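In what follows, a single structure is set out as C-alpha cells and then discussed.
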Amino acid sequence: MHFGEHSCVVALGIGLDGTKHPLALVEGSTENATLVTDLIVGWRERDLDVTRPNLAVLDGSKALWRAVVDATRPVRRRAR
C-alpha cells in the first residue's frame, strides 16, 4: 500500500463472519525480512493465537512468506 512516497505493509485478519480486523500497519516493504518478522512476532505479543493453523494470503514476497511460516502454522496454498 502506498501513501504518497511511503510504502506500507498492511495485515488484516478476517473473521469467520467476514468481519475485517486490522492486525498491523507499518511503514516499509514486504521485501524487508526484519520488518515483516517483527510485524508477525508482534501479533504473538498482542496475544493473537498463532498456535493453530491460519490461512495466509500474501503477495509474492519471499521475505513475507518466510516470516509467516517461521512465526505461524499457515495453511499452504499457492495461487496460480
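Order determines the names: the first chain of the C-alpha cells is A, the second B, and so forth; residues in each chain are numbered 1 upward, and ligands are numbered 1 upward as they are shown.
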
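The neighbours of Ala11 in chain A here are the residues that come within 12 Å of it, using only C-alpha atoms and leaving out any residue fewer than 4 positions away in the same chain; they are Met1, Lys20, His21, Pro22, Leu23, Ala24, Leu25, Val26, Glu27, Thr30, Val36, Leu39, Ile40, Gly42, Trp43, Ala56, Val57, Leu58, Asp59, Leu64 and Val68 of chain A.
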
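In this model, the gap between CA of Phe3 in chain A and CA of Thr34 in chain A comes to 21.2 Å.
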
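Closest approach to Thr51 in chain A among A:Thr72, A:Thr37, A:Glu31, A:Arg66 is made by A:Thr72 (distances from only C-alpha atoms).
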
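Taking CA of Gly4 in chain A and CA of Lys62 in chain A as endpoints, the distance between them is 24.9 Å.
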
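For the atom pair formed by CA of Ser29 in chain A and CA of Asp49 in chain A, the distance is 24.6 Å, given to one decimal.
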
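Scanning chain A with DSSP on the backbone, the alpha helix (DSSP H) assignments fall on Ala33, Thr34, Leu35, Val36, Thr37, Asp38, Leu39, Ile40, Val41, Gly42, Trp43, Arg44, Glu45, Lys62, Ala63, Leu64, Trp65, Arg66, Ala67, Val68, Val69, Asp70 and Ala71 of chain A.
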
Using DSSP on the backbone coordinates, identify all residues within range 6-68 of chain A classified as strand (DSSP E or B); present the result as a ChimeraX atom specification.
/A:6-14,20-27,54-55

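Using only C-alpha atoms for every distance, the candidate list A:Asn54, A:Gly28, A:Trp65, A:Asp70 yields A:Gly28 as the residue closest to Glu5 in chain A.
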